[in-house]
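Undergrad: Here you go, this is run.csv (CSV, C-alpha atoms and all ligand atoms).
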```csv
chain,number,residue,atom,x,y,z
R,1,MET,CA,140.7,96.3,105.0
R,2,LYS,CA,139.2,99.7,104.5
R,3,LEU,CA,141.8,102.5,104.1
R,4,ILE,CA,141.7,106.2,103.5
R,5,LEU,CA,144.6,108.0,101.8
R,6,LEU,CA,144.7,111.7,102.8
R,7,GLY,CA,147.0,114.5,101.6
R,8,PRO,CA,147.0,117.5,99.4
R,9,PRO,CA,146.8,117.3,95.6
R,10,GLY,CA,150.0,115.9,94.3
R,11,ALA,CA,150.9,114.1,97.5
R,12,GLY,CA,150.8,110.7,95.6
R,13,LYS,CA,147.5,109.4,96.7
R,14,GLY,CA,146.5,108.1,93.3
R,15,THR,CA,149.9,106.4,92.6
R,16,GLN,CA,149.9,104.7,96.0
R,17,ALA,CA,146.3,103.7,95.7
R,18,LYS,CA,147.1,101.9,92.5
R,19,ARG,CA,150.0,100.1,94.1
R,20,LEU,CA,147.7,99.1,97.0
R,21,TYR,CA,145.5,97.4,94.4
R,22,ASP,CA,148.5,95.6,92.8
R,23,ARG,CA,149.9,94.4,96.1
R,24,HIS,CA,146.8,93.8,98.3
R,25,LYS,CA,143.9,93.9,95.9
R,26,LEU,CA,142.4,96.8,97.7
R,27,VAL,CA,140.1,98.5,95.1
R,28,GLN,CA,140.9,102.2,94.5
R,29,LEU,CA,137.9,104.4,95.0
R,30,SER,CA,138.7,107.8,93.6
R,31,THR,CA,136.0,110.4,93.7
R,32,GLY,CA,138.1,112.5,91.3
R,33,ASP,CA,138.1,109.7,88.7
R,34,MET,CA,134.4,109.2,89.2
R,35,LEU,CA,133.8,112.9,88.5
R,36,ARG,CA,136.1,112.9,85.5
R,37,ALA,CA,134.1,110.0,84.1
R,38,GLU,CA,131.0,112.1,84.5
R,39,VAL,CA,132.7,115.0,82.7
R,40,ALA,CA,133.7,112.7,79.9
R,41,SER,CA,130.1,111.4,79.6
R,42,GLY,CA,128.7,114.9,79.3
R,43,SER,CA,126.0,114.3,81.9
R,44,ALA,CA,124.4,117.2,83.8
R,45,LEU,CA,126.5,116.2,86.8
R,46,GLY,CA,129.6,116.1,84.6
R,47,GLN,CA,128.9,119.7,83.5
R,48,GLU,CA,128.7,120.9,87.0
R,49,ALA,CA,131.8,118.9,88.0
R,50,LYS,CA,133.8,120.4,85.1
R,51,ARG,CA,133.1,123.9,86.3
R,52,VAL,CA,133.8,123.1,90.0
R,53,MET,CA,137.0,121.1,89.3
R,54,GLU,CA,138.5,123.7,86.9
R,55,ALA,CA,137.9,126.3,89.6
R,56,GLY,CA,139.7,124.1,92.1
R,57,GLN,CA,136.7,124.0,94.4
R,58,LEU,CA,134.9,121.1,96.0
R,59,MET,CA,131.7,119.4,94.8
R,60,PRO,CA,128.7,119.5,97.2
R,61,ASP,CA,128.9,116.8,100.0
R,62,ASP,CA,125.5,115.2,99.2
R,63,ILE,CA,126.5,114.4,95.6
R,64,ILE,CA,129.9,112.9,96.6
R,65,ILE,CA,128.5,111.0,99.5
R,66,GLY,CA,125.8,109.5,97.3
R,67,MET,CA,128.4,108.4,94.8
R,68,ILE,CA,130.5,106.7,97.4
R,69,ALA,CA,127.5,105.1,99.1
R,70,LYS,CA,126.6,103.4,95.9
R,71,ARG,CA,130.1,102.4,94.9
R,72,ILE,CA,131.0,100.7,98.1
R,73,GLU,CA,128.0,98.4,97.7
R,74,ALA,CA,129.6,96.8,94.6
R,75,ASP,CA,130.9,93.2,94.8
R,76,ASP,CA,134.5,94.2,94.1
R,77,CYS,CA,134.6,96.2,97.3
R,78,ARG,CA,134.0,93.2,99.5
R,79,ASN,CA,137.7,92.4,100.0
R,80,GLY,CA,138.4,96.0,101.0
R,81,PHE,CA,139.1,99.3,99.4
R,82,VAL,CA,141.2,102.4,99.5
R,83,LEU,CA,139.6,105.8,99.4
R,84,ASP,CA,141.6,108.2,97.3
R,85,GLY,CA,140.3,111.8,97.5
R,86,PHE,CA,137.4,111.0,99.8
R,87,PRO,CA,136.5,112.2,102.4
R,88,ARG,CA,137.5,115.8,101.8
R,89,THR,CA,135.2,117.5,104.4
R,90,GLU,CA,134.1,116.8,107.9
R,91,GLY,CA,130.6,116.2,106.6
R,92,GLN,CA,131.9,113.5,104.2
R,93,ALA,CA,134.0,111.9,107.0
R,94,LYS,CA,131.0,111.7,109.3
R,95,ALA,CA,128.7,110.4,106.6
R,96,LEU,CA,131.3,107.7,105.7
R,97,ASP,CA,131.4,106.5,109.3
R,98,LYS,CA,127.6,106.4,109.4
R,99,MET,CA,127.3,104.4,106.1
R,100,LEU,CA,129.9,101.9,107.2
R,101,GLY,CA,128.6,101.7,110.7
R,102,GLU,CA,125.1,100.8,109.5
R,103,LYS,CA,126.6,97.6,108.1
R,104,GLY,CA,128.7,96.9,111.1
R,105,GLY,CA,131.9,98.1,109.3
R,106,LYS,CA,134.5,100.7,109.9
R,107,ILE,CA,137.6,102.4,108.6
R,108,ASP,CA,140.7,100.4,109.6
R,109,ALA,CA,143.3,103.1,109.0
R,110,VAL,CA,143.8,106.6,107.7
R,111,ILE,CA,147.2,107.3,106.1
R,112,GLU,CA,148.2,110.9,105.7
R,113,LEU,CA,150.9,111.5,103.0
R,114,VAL,CA,152.9,114.4,104.4
R,115,VAL,CA,154.5,116.6,101.8
R,116,ASP,CA,156.1,120.1,101.5
R,117,GLU,CA,153.6,122.4,99.8
R,118,GLU,CA,156.3,124.1,97.7
R,119,ALA,CA,157.1,120.8,96.0
R,120,LEU,CA,153.5,120.2,95.0
R,121,ILE,CA,153.2,122.7,92.2
R,122,GLU,CA,156.2,121.2,90.4
R,123,ARG,CA,155.0,117.7,91.0
R,124,ILE,CA,151.5,118.4,89.7
R,125,SER,CA,152.3,120.5,86.7
R,126,GLY,CA,154.6,117.8,85.3
R,127,ARG,CA,152.3,114.9,85.7
R,128,TYR,CA,150.4,113.0,83.0
R,129,ALA,CA,148.8,109.6,82.4
R,130,CYS,CA,148.4,107.0,79.7
R,131,ALA,CA,145.1,107.7,77.9
R,132,LYS,CA,144.4,104.0,77.5
R,133,CYS,CA,145.3,102.3,80.9
R,134,GLY,CA,145.7,105.3,83.2
R,135,ALA,CA,149.3,104.5,84.3
R,136,GLY,CA,150.8,107.7,85.8
R,137,TYR,CA,153.9,109.5,84.6
R,138,HIS,CA,155.9,112.7,85.3
R,139,ASP,CA,158.0,114.9,83.1
R,140,THR,CA,160.9,114.8,85.6
R,141,PHE,CA,160.3,112.1,88.2
R,142,GLN,CA,158.8,109.2,86.3
R,143,ARG,CA,159.3,109.1,82.6
R,144,PRO,CA,158.3,106.0,80.6
R,145,LYS,CA,161.2,103.7,79.8
R,146,LYS,CA,160.8,104.5,76.1
R,147,ASP,CA,159.9,108.1,75.4
R,148,GLY,CA,156.3,108.5,74.3
R,149,VAL,CA,155.4,104.8,74.9
R,150,CYS,CA,153.4,103.6,78.0
R,151,ASP,CA,155.4,101.0,80.0
R,152,VAL,CA,152.3,99.1,81.0
R,153,CYS,CA,150.2,98.8,77.8
R,154,GLY,CA,152.4,100.2,75.0
R,155,SER,CA,149.9,103.0,74.1
R,156,THR,CA,151.4,106.2,72.6
R,157,GLU,CA,148.6,108.5,73.7
R,158,PHE,CA,148.8,110.4,77.0
R,159,VAL,CA,146.5,112.9,78.8
R,160,ARG,CA,147.1,115.8,81.2
R,161,ARG,CA,144.4,116.8,83.7
R,162,LYS,CA,142.9,120.2,82.9
R,163,ASP,CA,143.0,121.2,86.6
R,164,ASP,CA,146.7,120.4,86.9
R,165,ASN,CA,147.8,124.0,86.1
R,166,ALA,CA,149.5,126.3,88.5
R,167,GLU,CA,146.5,128.6,89.1
R,168,THR,CA,143.9,125.8,89.7
R,169,VAL,CA,146.5,124.0,91.9
R,170,LYS,CA,146.7,127.0,94.2
R,171,ALA,CA,142.9,127.0,94.6
R,172,ARG,CA,143.0,123.2,95.2
R,173,LEU,CA,145.6,123.7,97.9
R,174,VAL,CA,143.4,126.3,99.6
R,175,SER,CA,140.4,123.9,99.5
R,176,TYR,CA,142.7,121.3,101.1
R,177,ARG,CA,144.0,123.6,103.8
R,178,GLU,CA,140.6,125.0,104.7
R,179,GLN,CA,138.2,122.0,104.2
R,180,THR,CA,140.2,118.8,104.2
R,181,ALA,CA,143.1,119.3,106.6
R,182,PRO,CA,140.6,120.0,109.5
R,183,ILE,CA,139.4,116.3,109.3
R,184,LEU,CA,142.9,115.0,110.4
R,185,PRO,CA,142.2,115.7,114.1
R,186,TYR,CA,138.9,113.8,113.7
R,187,TYR,CA,140.8,110.6,112.7
R,188,ARG,CA,143.7,111.3,115.1
R,189,ALA,CA,141.1,111.3,118.0
R,190,LYS,CA,139.9,107.9,116.9
R,191,GLY,CA,143.4,106.6,116.9
R,192,LEU,CA,143.3,105.8,113.2
R,193,LEU,CA,145.7,108.4,111.8
R,194,HIS,CA,149.1,107.2,110.5
R,195,GLN,CA,151.6,109.7,108.9
R,196,VAL,CA,153.9,108.7,106.1
R,197,ASP,CA,156.6,110.8,104.5
R,198,GLY,CA,155.2,111.6,101.1
R,199,MET,CA,158.4,113.3,100.0
R,200,ALA,CA,160.3,110.0,100.1
R,201,ASP,CA,161.0,107.9,97.0
R,202,LEU,CA,157.9,106.2,95.6
R,203,ASP,CA,159.0,102.8,96.6
R,204,ASP,CA,159.9,104.0,100.1
R,205,VAL,CA,156.4,105.5,100.5
R,206,THR,CA,154.9,102.1,99.4
R,207,THR,CA,157.1,100.3,101.9
R,208,ALA,CA,156.0,102.7,104.7
R,209,ILE,CA,152.3,102.2,103.8
R,210,ASP,CA,152.8,98.4,103.8
R,211,ALA,CA,154.3,98.7,107.3
R,212,VAL,CA,151.1,100.6,108.5
R,213,LEU,CA,148.9,97.8,107.0
R,214,ALA,CA,151.0,95.1,108.7
R,215,LYS,CA,150.6,97.0,112.0
R,216,VAL,CA,146.9,97.4,111.6
R,217,ARG,CA,146.4,93.8,110.7
R,218,THR,CA,148.0,92.5,113.9
S,301,LIG,P1,141.3,114.5,92.7
S,301,LIG,O1,141.4,113.7,91.4
S,301,LIG,O2,141.0,113.7,93.9
S,301,LIG,O3,142.4,115.5,92.8
S,301,LIG,O4,139.9,115.4,92.5
S,301,LIG,C1,139.8,116.4,91.5
S,301,LIG,C2,138.7,117.4,91.8
S,301,LIG,O5,137.4,116.7,91.9
S,301,LIG,C3,138.8,118.1,93.1
S,301,LIG,O6,139.7,119.2,93.0
S,301,LIG,C4,137.4,118.5,93.4
S,301,LIG,O7,137.0,119.6,92.6
S,301,LIG,C5,136.6,117.2,92.9
S,301,LIG,N1,136.5,116.2,94.0
S,301,LIG,C6,137.1,115.0,94.1
S,301,LIG,N2,136.8,114.4,95.2
S,301,LIG,C7,136.0,115.2,95.9
S,301,LIG,C8,135.3,115.1,97.1
S,301,LIG,N3,135.5,114.0,97.9
S,301,LIG,N4,134.5,116.1,97.5
S,301,LIG,C9,134.4,117.2,96.8
S,301,LIG,N5,135.0,117.4,95.6
S,301,LIG,C10,135.8,116.4,95.1
```
Could I get this structure in the form of structure tokens?
TA:
Amino acid sequence: MKLILLGPPGAGKGTQAKRLYDRHKLVQLSTGDMLRAEVASGSALGQEAKRVMEAGQLMPDDIIIGMIAKRIEADDCRNGFVLDGFPRTEGQAKALDKMLGEKGGKIDAVIELVVDEEALIERISGRYACAKCGAGYHDTFQRPKKDGVCDVCGSTEFVRRKDDNAETVKARLVSYREQTAPILPYYRAKGLLHQVDGMADLDDVTTAIDAVLAKVRT
């Protein structure tokens, strides 16, 4: 099963992608995580990515397409994967079809998490993650069971993304509206697009995504 999760920043793509791994062993392929790893490594690509990400802009298509092309070749992707944050432009969407098509593969479903834009700034500015295992939390909506301690691994260190501030989020929303939302009709025309209410409770969103998977599998 090869899935794409689409939706603006803060729609819940990362959270749901992690749940898809837990439930269906679909590997989460997050281009944002890959770029953050480059930033952390201090590579030349990481330095460029840091500048672009903090401005809320998009990295050039060729770099991102190259990263994904290499990643989907890895063994762990054989049972399927969920793309989180890719594709973000029409060029990326077409390149993805081409790279999968060359191996006789294709995307099985595209799930759009539909959310109210007004809610996104609050959602994003409150979010943080465990520094050790990456489990996601939120100041208001998803606090750890014990304050300051990760539910999953017990770590007491947490990190907030640098681009999760109100100003950068506004730029990221503009990028989404202008460059990413226009690819929705591309997938709709292929009959692949499924819409899920991303404003619902986390568990209800997961249930709705599972229902799409069940439908696609039959
Ligand atoms: P994300 O973690 O998906 O919100 O991505 C964080 C940032 O990384 C984005 O705001 C972009 O600057 C960059 N980025 C991630 N994925 C892509 C992509 N597919 N194309 C271009 N830039 C990307």
Undergrad: Could you list, as a PyMOL selection string, all protein and nucleic acid residues with an atom at most 10 Å from ligand LIG 301 (chain S), counting all atoms listed in the file?
TA: chain R and resi 6-11+13-14+29-36+49-65+67-68+83-89+91-93+161-164+168-169+171-173+175-176+179-180
Undergrad: Between CA of Asn79 in chain R and CA of Gly104 in chain R, what is the spacing in Å?
TA: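 Computed distance, CA of Gly104 in chain R to CA of Asn79 in chain R, equals 15.0 Å.
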Undergrad: Between CA of Cys77 in chain R and CA of His194 in chain R, what is the distance in Å, rounded to a tenth?
TA: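 Distance between the two atoms: 22.5 Å.
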Undergrad: Considering only C-alpha atoms, state which residue in the set R:Ile124, R:Ala95, R:Cys130, R:Leu5 is at the smallest distance from Val196 in chain R.
TA: R:Leu5
Undergrad: To one decimal place in Å, what is the distance between CA of Tyr21 in chain R and CA of Val82 in chain R?
TA: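 That distance, rounded to one decimal, is 8.3 Å.
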Undergrad: For the point (159.5, 109.7, 99.2) in file coordinates, what residues are within 10 Å, counting only C-alpha atoms? Give the answer as a short mmCIF file (atom, residue, chain, number, x, y, z; two decimals) with C-alpha atoms, keeping the file's coordinate frame?
TA:
```
data_model
loop_
_atom_site.label_atom_id
_atom_site.label_comp_id
_atom_site.auth_asym_id
_atom_site.auth_seq_id
_atom_site.Cartn_x
_atom_site.Cartn_y
_atom_site.Cartn_z
CA ALA R 11 150.90 114.10 97.50
CA GLY R 12 150.80 110.70 95.60
CA LEU R 113 150.90 111.50 103.00
CA VAL R 114 152.90 114.40 104.40
CA VAL R 115 154.50 116.60 101.80
CA VAL R 196 153.90 108.70 106.10
CA ASP R 197 156.60 110.80 104.50
CA GLY R 198 155.20 111.60 101.10
CA MET R 199 158.40 113.30 100.00
CA ALA R 200 160.30 110.00 100.10
CA ASP R 201 161.00 107.90 97.00
CA LEU R 202 157.90 106.20 95.60
CA ASP R 203 159.00 102.80 96.60
CA ASP R 204 159.90 104.00 100.10
CA VAL R 205 156.40 105.50 100.50
CA THR R 206 154.90 102.10 99.40
CA ALA R 208 156.00 102.70 104.70
#
```
Undergrad: Leaving out range 97-102 of chain R and any residue of its chain fewer than 6 positions from it, which residues lie within 12 Å of it when counting all atoms listed in the file, given as a CSV table (one decimal) with C-alpha atoms, in the coordinates of the input?
TA:
```
chain,number,residue,atom,x,y,z
R,2,LYS,CA,139.2,99.7,104.5
R,4,ILE,CA,141.7,106.2,103.5
R,65,ILE,CA,128.5,111.0,99.5
R,66,GLY,CA,125.8,109.5,97.3
R,68,ILE,CA,130.5,106.7,97.4
R,69,ALA,CA,127.5,105.1,99.1
R,70,LYS,CA,126.6,103.4,95.9
R,71,ARG,CA,130.1,102.4,94.9
R,72,ILE,CA,131.0,100.7,98.1
R,73,GLU,CA,128.0,98.4,97.7
R,87,PRO,CA,136.5,112.2,102.4
R,90,GLU,CA,134.1,116.8,107.9
R,91,GLY,CA,130.6,116.2,106.6
R,108,ASP,CA,140.7,100.4,109.6
R,186,TYR,CA,138.9,113.8,113.7
R,187,TYR,CA,140.8,110.6,112.7
R,190,LYS,CA,139.9,107.9,116.9
```
Undergrad: Return the single residue from R:Val39, R:Ile111, R:Leu213, R:Val152 that is closest to Arg188 in chain R, with distances computed using only C-alpha atoms.
TA: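 The closest residue to Arg188 in chain R is R:Ile111.
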Undergrad: Can you work out which one of R:Arg177, R:Val110, R:Lys145, R:Lys25 has the shortest atom-to-atom distance to Val216 in chain R, counting only C-alpha atoms?
TA: R:Val110
Undergrad: Mind giving me the axis-aligned box for range 15-31 of chain R with 3 Å on every side, centre plus edges in Å to one decimal, as JSON?
TA:
```
{"center_x": 143.0, "center_y": 102.1, "center_z": 95.4, "size_x": 20.0, "size_y": 22.6, "size_z": 11.8}
```
Undergrad: So, with only C-alpha atoms as the atoms that count, which of R:Ile183, R:Leu45, R:Ala211, R:Cys153 lies closest to Ala131 in chain R?
TA: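 Once distances to Ala131 in chain R are computed over only C-alpha atoms, the minimum belongs to R:Cys153.
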